[in-house]
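Containing mmCIF, C-alpha atoms and all ligand atoms: final_12.cif.
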```
data_my_file
#
loop_
_atom_site.label_atom_id
_atom_site.label_comp_id
_atom_site.auth_asym_id
_atom_site.auth_seq_id
_atom_site.Cartn_x
_atom_site.Cartn_y
_atom_site.Cartn_z
CA MET A 16 -19.49 -0.18 -22.09
CA SER A 17 -17.61 0.23 -18.86
CA LYS A 18 -17.97 3.32 -16.74
CA ILE A 19 -14.83 5.47 -16.87
CA ILE A 20 -13.76 7.11 -13.66
CA PRO A 21 -10.55 9.12 -13.87
CA LEU A 22 -7.86 8.20 -11.39
CA THR A 23 -6.68 11.70 -10.85
CA ASP A 24 -8.31 14.29 -8.68
CA THR A 25 -9.46 17.15 -10.84
CA ARG A 26 -9.45 19.67 -8.01
CA ARG A 27 -6.51 22.04 -8.14
CA SER A 28 -3.69 21.55 -5.67
CA PRO A 29 -3.23 24.33 -3.17
CA SER A 30 -0.66 26.70 -4.58
CA PRO A 31 2.89 26.12 -3.37
CA LEU A 32 3.19 29.88 -3.07
CA SER A 33 0.47 29.89 -0.44
CA ALA A 34 2.56 27.65 1.83
CA PRO A 35 3.70 29.57 4.88
CA HIS A 36 7.45 29.82 5.09
CA VAL A 37 8.71 26.84 7.03
CA ALA A 38 12.10 25.18 7.27
CA PRO A 39 12.91 23.06 4.21
CA THR A 40 14.48 20.30 6.33
CA GLY A 41 14.02 18.94 9.84
CA LEU A 42 11.63 16.61 11.64
CA LEU A 43 7.91 17.29 11.30
CA ALA A 44 4.90 16.61 13.52
CA ASP A 45 1.37 17.09 12.16
CA THR A 46 -1.55 18.69 14.03
CA ARG A 47 -2.05 15.45 15.96
CA GLY A 48 1.61 15.08 16.90
CA ARG A 49 2.35 12.37 14.31
CA MET A 50 5.84 12.45 12.81
CA LEU A 51 6.53 12.01 9.11
CA ARG A 52 8.37 8.68 8.96
CA ASP A 53 7.22 6.62 5.96
CA LEU A 54 6.73 7.35 2.29
CA ARG A 55 4.83 5.11 -0.09
CA VAL A 56 5.55 5.70 -3.74
CA SER A 57 3.18 4.47 -6.44
CA VAL A 58 5.45 3.93 -9.44
CA THR A 59 2.66 3.00 -11.84
CA ASP A 60 -1.14 3.11 -11.85
CA ARG A 61 -1.25 0.05 -14.13
CA CYS A 62 -1.60 -3.55 -13.09
CA ASN A 63 -1.76 -6.93 -14.81
CA PHE A 64 -4.32 -8.14 -12.23
CA ARG A 65 -7.89 -6.98 -11.78
CA CYS A 66 -8.41 -7.89 -8.12
CA VAL A 67 -12.10 -7.56 -7.43
CA TYR A 68 -11.53 -5.43 -4.32
CA CYS A 69 -9.04 -3.04 -5.96
CA MET A 70 -9.33 -2.68 -9.75
CA PRO A 71 -12.62 -4.29 -10.76
CA LYS A 72 -12.65 -5.22 -14.44
CA ASP A 73 -15.88 -3.46 -15.28
CA VAL A 74 -14.30 -0.14 -14.29
CA PHE A 75 -10.64 -0.75 -15.20
CA GLY A 76 -11.41 -2.04 -18.68
CA LEU A 77 -9.52 -1.79 -21.96
CA ASP A 78 -10.66 1.80 -22.40
CA TYR A 79 -9.57 2.94 -18.94
CA PRO A 80 -7.54 6.18 -19.13
CA PHE A 81 -4.33 5.21 -17.35
CA LEU A 82 -1.70 7.92 -17.08
CA PRO A 83 0.57 8.46 -20.10
CA HIS A 84 4.26 7.86 -19.40
CA THR A 85 5.11 11.57 -19.49
CA GLU A 86 2.85 12.17 -16.50
CA LEU A 87 4.66 9.66 -14.32
CA LEU A 88 7.44 10.86 -12.09
CA THR A 89 10.79 9.86 -13.53
CA PHE A 90 13.25 7.85 -11.44
CA GLU A 91 15.36 11.00 -11.05
CA GLU A 92 12.33 12.96 -9.81
CA ILE A 93 11.37 10.23 -7.34
CA THR A 94 14.94 10.08 -6.05
CA ARG A 95 15.15 13.84 -5.63
CA LEU A 96 11.90 13.86 -3.67
CA ALA A 97 13.06 10.89 -1.59
CA ARG A 98 16.09 12.92 -0.47
CA LEU A 99 13.85 15.82 0.50
CA PHE A 100 11.51 13.53 2.43
CA LYS A 101 14.48 11.93 4.17
CA ALA A 102 15.61 15.37 5.26
CA HIS A 103 12.20 15.67 6.95
CA GLY A 104 12.56 12.42 8.87
CA VAL A 105 11.42 9.73 6.44
CA GLU A 106 13.19 6.48 7.29
CA LYS A 107 11.30 3.98 5.19
CA ILE A 108 10.20 4.00 1.56
CA ARG A 109 7.81 1.44 0.11
CA LEU A 110 7.48 1.13 -3.67
CA THR A 111 3.99 0.14 -4.68
CA GLY A 112 1.31 0.83 -7.26
CA GLY A 113 -0.53 -0.51 -9.31
CA GLU A 114 1.90 -3.31 -9.84
CA PRO A 115 5.37 -1.84 -9.29
CA LEU A 116 7.20 -4.61 -11.15
CA LEU A 117 5.43 -3.49 -14.34
CA ARG A 118 7.51 -0.31 -14.26
CA ARG A 119 10.41 -1.01 -16.57
CA ASN A 120 13.88 -1.25 -14.96
CA LEU A 121 12.48 -0.75 -11.48
CA GLU A 122 15.71 -2.12 -10.07
CA ASP A 123 17.42 1.03 -11.37
CA LEU A 124 15.13 3.12 -9.17
CA VAL A 125 15.87 0.83 -6.22
CA ALA A 126 19.60 1.34 -6.80
CA MET A 127 19.16 5.12 -6.97
CA LEU A 128 17.17 5.16 -3.73
CA ALA A 129 19.65 2.83 -2.06
CA GLY A 130 22.35 5.31 -3.09
CA ILE A 131 20.78 7.93 -0.81
CA GLY A 132 21.73 5.75 2.15
CA GLY A 133 20.02 5.26 5.49
CA LEU A 134 16.61 4.34 4.07
CA ASP A 135 14.71 1.12 4.72
CA LEU A 136 13.62 0.14 1.19
CA THR A 137 10.68 -2.17 0.70
CA LEU A 138 8.26 -3.09 -2.07
CA THR A 139 4.75 -4.53 -2.30
CA THR A 140 3.98 -6.71 -5.31
CA ASN A 141 1.40 -9.14 -6.57
CA GLY A 142 4.32 -11.51 -7.13
CA SER A 143 3.54 -12.25 -10.77
CA ALA A 144 6.98 -11.15 -12.00
CA LEU A 145 8.90 -11.78 -8.82
CA ALA A 146 10.57 -15.06 -9.75
CA ALA A 147 12.31 -13.22 -12.59
CA LYS A 148 13.05 -10.02 -10.65
CA ALA A 149 13.86 -10.99 -7.05
CA ALA A 150 17.64 -11.35 -7.42
CA ALA A 151 18.00 -8.08 -9.37
CA LEU A 152 15.93 -6.20 -6.79
CA LYS A 153 18.01 -7.57 -3.94
CA GLY A 154 21.21 -6.80 -5.83
CA ALA A 155 20.05 -3.22 -6.35
CA GLY A 156 19.61 -2.74 -2.62
CA LEU A 157 16.01 -3.64 -1.82
CA GLY A 158 15.78 -4.57 1.86
CA ARG A 159 12.48 -6.43 2.18
CA ILE A 160 9.43 -7.40 0.20
CA THR A 161 5.71 -7.95 0.71
CA VAL A 162 3.80 -10.23 -1.64
CA SER A 163 0.02 -10.17 -1.90
CA LEU A 164 -1.66 -13.56 -2.01
CA ASP A 165 -5.33 -14.03 -1.22
CA SER A 166 -5.73 -17.79 -1.56
CA LEU A 167 -3.87 -21.04 -2.13
CA ASP A 168 -6.83 -22.50 -3.94
CA ASP A 169 -6.09 -21.94 -7.61
CA GLU A 170 -9.72 -21.49 -8.56
CA VAL A 171 -10.38 -18.94 -5.81
CA PHE A 172 -7.12 -17.10 -6.56
CA ARG A 173 -7.82 -16.92 -10.30
CA ALA A 174 -11.30 -15.56 -9.58
CA MET A 175 -9.97 -12.94 -7.15
CA ASN A 176 -7.25 -11.65 -9.47
CA ASP A 177 -9.83 -11.92 -12.26
CA VAL A 178 -7.22 -12.45 -14.97
CA ASP A 179 -6.91 -16.20 -14.47
CA PHE A 180 -3.41 -15.91 -12.99
CA PRO A 181 -2.23 -19.17 -11.37
CA VAL A 182 -1.28 -19.31 -7.72
CA ALA A 183 1.80 -21.47 -8.45
CA LYS A 184 3.62 -18.56 -10.10
CA VAL A 185 3.12 -16.32 -7.08
CA LEU A 186 4.36 -19.08 -4.78
CA ALA A 187 7.43 -19.43 -6.99
CA GLY A 188 7.95 -15.67 -6.67
CA ILE A 189 7.78 -15.88 -2.87
CA GLU A 190 10.38 -18.64 -2.81
CA ALA A 191 12.63 -16.74 -5.24
CA ALA A 192 12.44 -13.68 -2.98
CA ALA A 193 13.40 -15.71 0.08
CA GLN A 194 16.24 -17.37 -1.86
CA ALA A 195 17.49 -13.98 -2.98
CA GLY A 196 17.76 -12.89 0.65
CA LEU A 197 14.65 -10.71 0.85
CA ALA A 198 13.56 -12.64 3.93
CA PRO A 199 11.45 -12.65 5.94
CA VAL A 200 8.95 -12.30 3.11
CA LYS A 201 5.66 -10.80 4.24
CA ILE A 202 2.53 -12.16 2.62
CA ASN A 203 -0.59 -10.00 2.55
CA MET A 204 -4.00 -11.65 2.34
CA VAL A 205 -7.06 -9.43 2.02
CA VAL A 206 -9.98 -11.34 3.52
CA LYS A 207 -13.39 -10.76 2.00
CA ARG A 208 -16.46 -12.45 3.42
CA GLY A 209 -18.00 -15.06 1.17
CA VAL A 210 -14.99 -14.97 -1.14
CA ASN A 211 -11.88 -16.32 0.60
CA GLU A 212 -12.47 -16.58 4.33
CA HIS A 213 -12.35 -20.38 4.04
CA GLU A 214 -8.74 -19.93 2.98
CA ILE A 215 -7.64 -18.40 6.31
CA LEU A 216 -6.66 -21.76 7.82
CA PRO A 217 -5.07 -23.28 4.70
CA MET A 218 -2.95 -20.13 4.33
CA ALA A 219 -1.96 -20.23 8.01
CA ARG A 220 -1.09 -23.93 7.73
CA ARG A 221 0.97 -23.44 4.58
CA PHE A 222 3.14 -20.59 5.87
CA LYS A 223 3.45 -21.71 9.50
CA GLY A 224 7.09 -22.70 10.01
CA SER A 225 8.15 -21.34 6.61
CA GLY A 226 9.88 -18.23 7.93
CA HIS A 227 7.47 -16.05 5.92
CA ILE A 228 5.11 -13.75 7.83
CA LEU A 229 1.48 -14.01 6.80
CA ARG A 230 -0.64 -10.92 7.43
CA PHE A 231 -4.40 -10.75 7.19
CA ILE A 232 -5.81 -7.43 6.00
CA GLU A 233 -9.35 -6.26 6.63
CA TYR A 234 -11.11 -5.42 3.39
CA MET A 235 -11.26 -1.62 3.12
CA ASP A 236 -13.43 0.94 1.38
CA VAL A 237 -10.57 2.35 -0.66
CA GLY A 238 -11.38 4.12 -3.91
CA HIS A 239 -14.94 4.26 -5.08
CA THR A 240 -15.18 1.36 -7.43
CA ASN A 241 -15.09 -1.81 -5.33
CA GLY A 242 -18.66 -1.66 -3.99
CA TRP A 243 -17.44 -2.02 -0.38
CA ARG A 244 -19.95 -3.00 2.31
CA MET A 245 -19.23 -3.41 6.02
CA ASP A 246 -20.87 -6.85 5.87
CA ASP A 247 -18.04 -8.03 3.60
CA VAL A 248 -15.37 -7.27 6.20
CA ILE A 249 -14.06 -10.17 8.26
CA PRO A 250 -12.84 -8.54 11.49
CA SER A 251 -9.28 -9.46 12.47
CA ALA A 252 -10.60 -10.80 15.79
CA GLU A 253 -12.48 -13.44 13.82
CA VAL A 254 -9.34 -14.35 11.87
CA ILE A 255 -7.38 -14.78 15.11
CA ARG A 256 -10.15 -16.94 16.66
CA THR A 257 -10.27 -19.14 13.56
CA ILE A 258 -6.53 -19.82 13.60
CA ASP A 259 -6.18 -20.01 17.39
CA ARG A 260 -8.74 -22.83 17.59
CA VAL A 261 -6.42 -25.04 15.53
CA PHE A 262 -2.97 -23.51 16.04
CA PRO A 263 -2.86 -21.73 19.41
CA LEU A 264 -1.62 -18.14 19.24
CA GLU A 265 -0.40 -15.54 21.70
CA PRO A 266 0.04 -11.78 21.15
CA ILE A 267 3.51 -10.29 20.92
CA ASP A 268 4.79 -6.74 21.17
CA ALA A 269 5.07 -4.47 18.18
CA ASN A 270 8.53 -4.17 16.62
CA TYR A 271 8.26 -0.40 16.87
CA SER A 272 5.67 2.18 17.90
CA GLY A 273 3.22 2.83 15.08
CA GLU A 274 3.55 -0.62 13.50
CA VAL A 275 0.42 -1.20 11.45
CA ALA A 276 0.15 -4.97 11.90
CA GLU A 277 -0.73 -6.41 15.28
CA ARG A 278 1.60 -9.37 15.84
CA TRP A 279 0.73 -12.86 17.10
CA ARG A 280 2.97 -15.91 17.39
CA TYR A 281 2.27 -19.60 17.34
CA VAL A 282 2.59 -20.97 20.86
CA ASP A 283 4.56 -23.94 19.47
CA GLY A 284 7.29 -21.56 18.30
CA SER A 285 6.70 -22.04 14.57
CA GLY A 286 6.58 -18.39 13.63
CA GLU A 287 4.32 -15.36 13.67
CA ILE A 288 1.40 -13.82 11.82
CA GLY A 289 0.00 -10.31 11.71
CA VAL A 290 -3.42 -8.73 11.40
CA ILE A 291 -4.07 -5.30 9.92
CA SER A 292 -7.35 -4.06 11.32
CA SER A 293 -7.83 -0.78 9.53
CA VAL A 294 -11.61 -1.06 9.74
CA THR A 295 -12.33 -2.51 13.18
CA GLN A 296 -9.39 -0.97 15.05
CA ALA A 297 -8.29 2.18 13.32
CA PHE A 298 -4.64 3.07 13.78
CA CYS A 299 -4.79 6.70 12.58
CA ARG A 300 -3.41 7.83 15.93
CA ASP A 301 -0.01 6.41 14.99
CA CYS A 302 -0.13 6.96 11.23
CA THR A 303 3.18 8.38 10.03
CA ARG A 304 2.71 7.66 6.30
CA ALA A 305 2.70 10.00 3.33
CA ARG A 306 1.86 8.81 -0.16
CA LEU A 307 3.37 9.96 -3.42
CA ALA A 308 0.94 9.13 -6.20
CA THR A 309 1.98 8.00 -9.66
CA ASP A 310 1.79 11.51 -11.12
CA GLY A 311 3.70 13.14 -8.29
CA LYS A 312 0.83 14.36 -6.13
CA LEU A 313 1.39 14.05 -2.41
CA TYR A 314 -1.44 12.66 -0.25
CA THR A 315 -1.40 12.56 3.52
CA CYS A 316 -3.98 9.75 3.88
CA LEU A 317 -5.05 6.70 1.90
CA PHE A 318 -8.54 8.16 1.87
CA ALA A 319 -7.58 11.73 1.01
CA THR A 320 -9.19 13.44 -1.94
CA THR A 321 -6.78 16.33 -2.33
CA GLY A 322 -3.25 15.82 -3.54
CA TYR A 323 -0.47 18.39 -3.60
CA ASP A 324 1.32 18.66 -6.91
CA LEU A 325 5.03 18.10 -6.29
CA ARG A 326 5.63 17.19 -9.92
CA ALA A 327 4.61 20.68 -10.99
CA MET A 328 7.19 22.15 -8.64
CA LEU A 329 9.88 19.80 -9.91
CA ARG A 330 9.13 20.60 -13.52
CA GLN A 331 8.90 24.34 -12.88
CA GLY A 332 12.52 24.19 -11.75
CA ARG A 333 11.81 25.06 -8.12
CA SER A 334 14.67 24.69 -5.65
CA ASP A 335 15.08 21.92 -3.07
CA ALA A 336 14.46 24.54 -0.38
CA ASP A 337 11.11 25.54 -1.95
CA ILE A 338 9.94 21.97 -2.35
CA GLY A 339 11.19 21.01 1.12
CA SER A 340 9.27 23.90 2.66
CA TYR A 341 6.14 22.97 0.75
CA ILE A 342 6.33 19.37 1.97
CA ALA A 343 6.76 20.67 5.51
CA ALA A 344 3.79 23.02 5.20
CA ILE A 345 1.60 20.15 3.99
CA TRP A 346 2.61 17.82 6.82
CA LEU A 347 2.33 20.48 9.52
CA GLN A 348 -1.33 21.10 8.62
CA ARG A 349 -2.22 17.37 8.36
CA ALA A 350 -5.25 16.30 10.40
CA ASP A 351 -6.34 13.06 8.62
CA ARG A 352 -8.01 10.31 10.61
CA TYR A 353 -10.40 8.74 8.13
CA SER A 354 -10.55 5.25 9.65
CA GLU A 355 -11.45 6.67 13.05
CA ILE A 356 -14.46 8.47 11.65
CA ARG A 357 -15.56 5.94 9.00
CA SER A 358 -19.35 5.83 8.70
CA ASP A 359 -22.00 5.25 6.04
CA ASN A 360 -21.54 8.90 5.11
CA THR A 361 -17.77 8.72 4.64
CA VAL A 362 -17.99 5.46 2.69
CA ALA A 363 -20.11 7.26 0.09
CA LEU A 364 -17.58 10.08 -0.35
CA PRO A 365 -15.48 10.17 -3.53
CA LYS A 366 -11.98 8.79 -2.94
CA ILE A 367 -8.82 8.31 -4.92
CA GLU A 368 -8.18 4.80 -6.29
CA MET A 369 -5.62 2.76 -4.38
CA SER A 370 -3.70 1.73 -7.48
CA TYR A 371 -2.92 5.40 -8.19
CA ILE A 372 -2.32 6.62 -4.64
CA GLY A 373 -0.28 3.56 -3.66
CA GLY A 374 -1.58 0.73 -1.46
N1 LIG A 401 -0.07 -4.59 -6.83
C1 LIG A 401 0.65 -4.73 -5.63
C2 LIG A 401 0.03 -5.78 -4.75
O1 LIG A 401 -1.09 -6.19 -4.99
O2 LIG A 401 0.69 -6.16 -3.79
C3 LIG A 401 0.82 -3.43 -4.87
C4 LIG A 401 -0.34 -2.48 -4.82
S1 LIG A 401 -1.75 -3.06 -3.93
C5 LIG A 401 -2.84 -1.69 -4.12
C6 LIG A 401 -1.15 -2.95 -2.26
C7 LIG A 401 -1.91 -3.76 -1.24
O3 LIG A 401 -3.20 -3.22 -1.10
C8 LIG A 401 -2.09 -5.22 -1.59
O4 LIG A 401 -1.60 -6.04 -0.55
C9 LIG A 401 -3.58 -5.37 -1.74
O5 LIG A 401 -4.02 -6.64 -1.38
C10 LIG A 401 -4.09 -4.26 -0.84
N2 LIG A 401 -5.46 -3.85 -1.16
C11 LIG A 401 -5.95 -3.47 -2.36
N3 LIG A 401 -7.27 -3.16 -2.26
C12 LIG A 401 -7.61 -3.35 -0.97
C13 LIG A 401 -8.82 -3.21 -0.22
N4 LIG A 401 -9.96 -2.82 -0.80
N5 LIG A 401 -8.81 -3.48 1.09
C14 LIG A 401 -7.66 -3.89 1.70
N6 LIG A 401 -6.50 -4.03 1.07
C15 LIG A 401 -6.46 -3.78 -0.25
FE1 LIG A 402 -3.24 -4.95 -8.91
FE2 LIG A 402 -2.37 -5.03 -6.43
FE3 LIG A 402 -4.70 -3.85 -6.98
FE4 LIG A 402 -4.51 -6.47 -7.20
S1 LIG A 402 -4.28 -5.28 -5.31
S2 LIG A 402 -5.45 -5.10 -8.71
S3 LIG A 402 -2.46 -6.76 -7.87
S4 LIG A 402 -2.74 -3.17 -7.65
FE1 LIG A 403 -3.44 6.86 8.10
FE2 LIG A 403 -5.54 7.79 6.78
FE3 LIG A 403 -5.29 5.17 7.17
FE4 LIG A 403 -5.89 6.79 9.23
S1 LIG A 403 -7.15 6.39 7.45
S2 LIG A 403 -4.36 5.14 9.23
S3 LIG A 403 -4.71 8.63 8.67
S4 LIG A 403 -3.92 6.47 5.95
#
```
Starting from the file, give its structure as structure tokens.
Ligand code: SAM
Ligand code: SF4
Ligand code: SF4
Amino acid sequence: MSKIIPLTDTRRSPSPLSAPHVAPTGLLADTRGRMLRDLRVSVTDRCNFRCVYCMPKDVFGLDYPFLPHTELLTFEEITRLARLFKAHGVEKIRLTGGEPLLRRNLEDLVAMLAGIGGLDLTLTTNGSALAAKAAALKGAGLGRITVSLDSLDDEVFRAMNDVDFPVAKVLAGIEAAAQAGLAPVKINMVVKRGVNEHEILPMARRFKGSGHILRFIEYMDVGHTNGWRMDDVIPSAEVIRTIDRVFPLEPIDANYSGEVAERWRYVDGSGEIGVISSVTQAFCRDCTRARLATDGKLYTCLFATTGYDLRAMLRQGRSDADIGSYIAAIWLQRADRYSEIRSDNTVALPKIEMSYIGG
């Protein structure tokens, strides 16, 4: 029988009433001077894949206690919170999960968020349903999209998603997204030693000159179920060396301060790639991201263990001013910098699963 580990943190959220009175709107800097700029929203904790590094099958089995629908934030609740976050400086919202395209009528949520105006709307998906959904998402107002793809080799890909899902369908999804105008499509590849590092070059070759931006992500110790070991991490520097030997690269400037991916371009002018080095080169110093988990708890770090229950406030009928002040109080006291202090001790600490908190 598989081991059942609940997704949700059982510790109680700090009481909203204990929040010091702070302005319900206005820009916010945390204790390290980092502004609140981005919000990631996990719209479902469920997924049709069982990627070995994220939702391993032996833990996320048939008897896994995913959240019942009533515990999920509704589209109206997410939209109301999005307005409040925007009033505190959030400029960009990424819908994620779990697999966000499993949430029924997600394009309706996209349209509601687009209706707020002035937000950069993006989504991260495993691409399995993208061929069918890309045009509707674009039509609803989605700005950009990121598709996860760990290998072009069908056998390796099927083993990594662990549900025997074929790579061809994800590639079709990527093309449909580009056709629909969600370009440039970003493609995320998590690199795990001994599993798919031999796919670095084939992936680079395939997407070079395509207009899509391939990004290599260091394997992280998110959650507490993936059995992470430092030895399994391929440092981004190694990825860059591997590609540069065959297709010469040069570094380019970030698009904006605080950009997570370090950018490189092919010297021959055929496009760019990115590396996300959360393990070997922590970027906590510039981290402006908050995360709204599937059940409406707010987390200020991917590795946080305490979430703040915004859903309770919504469902208690609290005012926008109350909720806005609570959000401000949470951000003002934020001090997270997990990746800067990662060690054998922190790796062993309990953490919230990525599918619930939003990757
Ligand atoms: N299901 C969607 C997908 O796979 O794109 C969205 C959610 S997923 C949690 C978001 C991103 O997190 C994906 O690009 C995935 O590859 C990445 N991810 C998941 N587990 C990871 C890990 N242990 N280390 C690094 N990245 C990880
Ligand atoms: Fe699902 Fe995405 Fe996690 Fe893979 S990485 S198991 S597709 S949520
Ligand atoms: Fe941001 Fe936390 Fe990641 Fe550091 S460890 S970059 S604070 S999410």
Env. residues ligand LIG 403 (chain A) / 8 Å / only C-alpha atoms and all ligand atoms / as an MDAnalysis selection string: chainID A and resid 293 297:305 315:319 350:355
Contact check, chain A to ligand LIG 402 (chain A), at most 6 Å, counting all atoms listed in the file, closest pairs as a tab-separated table:
```
residue	atom	partner	partner_atom	distance
A:Cys62	CA	A:LIG402	FE1	4.7
A:Phe64	CA	A:LIG402	FE1	4.7
A:Arg65	CA	A:LIG402	S2	4.3
A:Cys66	CA	A:LIG402	S2	4.1
A:Cys69	CA	A:LIG402	FE3	4.5
A:Met70	CA	A:LIG402	S2	4.7
A:Gly112	CA	A:LIG402	S4	5.7
A:Gly113	CA	A:LIG402	S4	3.8
A:Glu114	CA	A:LIG402	S4	5.1
A:Asn141	CA	A:LIG402	S3	4.7
A:Ser370	CA	A:LIG402	S4	5.0
```
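Where the distance criterion is 6 Å and the atoms used are all atoms listed in the file, the residues close to ligand LIG 401 (chain A) are Tyr68, Cys69, Thr111, Gly112, Gly113, Glu114, Thr139, Thr140, Asn141, Val162, Ser163, Asn203, Val205, Ile232, Glu233, Tyr234, Met235, Asp236, Val237, Met369, Ser370, Gly373 and Gly374 of chain A.
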Cut-off 12 Å around (5.2, -13.0, 15.7) with all atoms listed in the file: residues as a PDB file with C-alpha atoms, in the frame of the given file:
```
ATOM      1  CA  PRO A 199      11.450 -12.650   5.940  1.00  0.00           C
ATOM      2  CA  LYS A 201       5.660 -10.800   4.240  1.00  0.00           C
ATOM      3  CA  LYS A 223       3.450 -21.710   9.500  1.00  0.00           C
ATOM      4  CA  GLY A 224       7.090 -22.700  10.010  1.00  0.00           C
ATOM      5  CA  GLY A 226       9.880 -18.230   7.930  1.00  0.00           C
ATOM      6  CA  HIS A 227       7.470 -16.050   5.920  1.00  0.00           C
ATOM      7  CA  ILE A 228       5.110 -13.750   7.830  1.00  0.00           C
ATOM      8  CA  LEU A 229       1.480 -14.010   6.800  1.00  0.00           C
ATOM      9  CA  ARG A 230      -0.640 -10.920   7.430  1.00  0.00           C
ATOM     10  CA  LEU A 264      -1.620 -18.140  19.240  1.00  0.00           C
ATOM     11  CA  GLU A 265      -0.400 -15.540  21.700  1.00  0.00           C
ATOM     12  CA  PRO A 266       0.040 -11.780  21.150  1.00  0.00           C
ATOM     13  CA  ILE A 267       3.510 -10.290  20.920  1.00  0.00           C
ATOM     14  CA  ASP A 268       4.790  -6.740  21.170  1.00  0.00           C
ATOM     15  CA  ALA A 269       5.070  -4.470  18.180  1.00  0.00           C
ATOM     16  CA  ASN A 270       8.530  -4.170  16.620  1.00  0.00           C
ATOM     17  CA  ALA A 276       0.150  -4.970  11.900  1.00  0.00           C
ATOM     18  CA  GLU A 277      -0.730  -6.410  15.280  1.00  0.00           C
ATOM     19  CA  ARG A 278       1.600  -9.370  15.840  1.00  0.00           C
ATOM     20  CA  TRP A 279       0.730 -12.860  17.100  1.00  0.00           C
ATOM     21  CA  ARG A 280       2.970 -15.910  17.390  1.00  0.00           C
ATOM     22  CA  TYR A 281       2.270 -19.600  17.340  1.00  0.00           C
ATOM     23  CA  VAL A 282       2.590 -20.970  20.860  1.00  0.00           C
ATOM     24  CA  ASP A 283       4.560 -23.940  19.470  1.00  0.00           C
ATOM     25  CA  GLY A 284       7.290 -21.560  18.300  1.00  0.00           C
ATOM     26  CA  SER A 285       6.700 -22.040  14.570  1.00  0.00           C
ATOM     27  CA  GLY A 286       6.580 -18.390  13.630  1.00  0.00           C
ATOM     28  CA  GLU A 287       4.320 -15.360  13.670  1.00  0.00           C
ATOM     29  CA  ILE A 288       1.400 -13.820  11.820  1.00  0.00           C
ATOM     30  CA  GLY A 289       0.000 -10.310  11.710  1.00  0.00           C
ATOM     31  CA  VAL A 290      -3.420  -8.730  11.400  1.00  0.00           C
TER      32      VAL A 290
END
```
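Between atom CA of A:Ala149 and atom CA of A:Val185 the interatomic distance comes to 12.0 Å.
Separating atom CA of A:Leu307 from atom CA of A:Asp247 is a distance of 28.8 Å.
Of note, atom CA of A:Glu86 and atom CA of A:Asp335 are spaced 20.6 Å apart.
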A:Leu167 surroundings by all atoms listed in the file, 9 Å radius, close-in-sequence under 2 positions cut, as a PyMOL selection string: chain A and resi 164-165+169-172+182-183+186+214+217-218+221
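Proximity ranking of A:Leu197, A:Ala97, A:Ala308, A:Ile345 relative to A:Val58 places A:Ala308 first, based on only C-alpha atoms.
Comparing A:Arg306, A:Arg349, A:Arg55, A:Arg208 by their smallest distance to A:Leu110, the closest is A:Arg55 (using all atoms listed in the file).
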Per residue of stretch 92-139 of chain A within 10 Å of stretch 321-328 of chain A, which atom pair is closest and at what distance in Å (one decimal), using all atoms listed in the file, listed by chain and increasing number, as JSON lines?
```
{"residue": "A:Glu92", "atom": "CA", "partner": "A:Arg326", "partner_atom": "CA", "distance": 7.9}
{"residue": "A:Ile93", "atom": "CA", "partner": "A:Arg326", "partner_atom": "CA", "distance": 9.4}
{"residue": "A:Leu96", "atom": "CA", "partner": "A:Leu325", "partner_atom": "CA", "distance": 8.5}
```
Please write the residues from the selection above to a file, keeping C-alpha atoms, as a short mmCIF file (atom, residue, chain, number, x, y, z; two decimals), in the coordinates of the input.
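Saved file part_26.cif follows:
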```cif
data_model
loop_
_atom_site.label_atom_id
_atom_site.label_comp_id
_atom_site.auth_asym_id
_atom_site.auth_seq_id
_atom_site.Cartn_x
_atom_site.Cartn_y
_atom_site.Cartn_z
CA GLU A 92 12.33 12.96 -9.81
CA ILE A 93 11.37 10.23 -7.34
CA LEU A 96 11.90 13.86 -3.67
#
```
Which centre and which edge lengths, in Å to one decimal, describe the axis-aligned box that holds all listed atoms of stretch 127-134 of chain A after 6 Å is added on each side, as AutoDock Vina command-line options?
```
--center_x 19.5 --center_y 5.4 --center_z -0.7 --size_x 17.7 --size_y 17.1 --size_z 24.5
```
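Every protein, DNA or RNA residue with an atom at most 10 Å from A:Met50, where all atoms listed in the file count and chain neighbours fewer than 4 positions away do not, is listed here: Leu42, Leu43, Ala44, Asp45, Thr46, His103, Gly104, Val105, Asp301, Cys302, Thr303, Arg304, Trp346 and Leu347 of chain A.
Residues lying at most 8 Å from (1.8, -13.7, -12.6) in file coordinates, with all atoms listed in the file considered, are A:Asn63, A:Asn141, A:Gly142, A:Ser143, A:Ala144, A:Phe180, A:Pro181, A:Lys184, A:Val185.
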For A:Asn120, the nearest of the candidates A:Lys207, A:Lys148, A:Val200, A:Asp53, counting all atoms listed in the file: A:Lys148
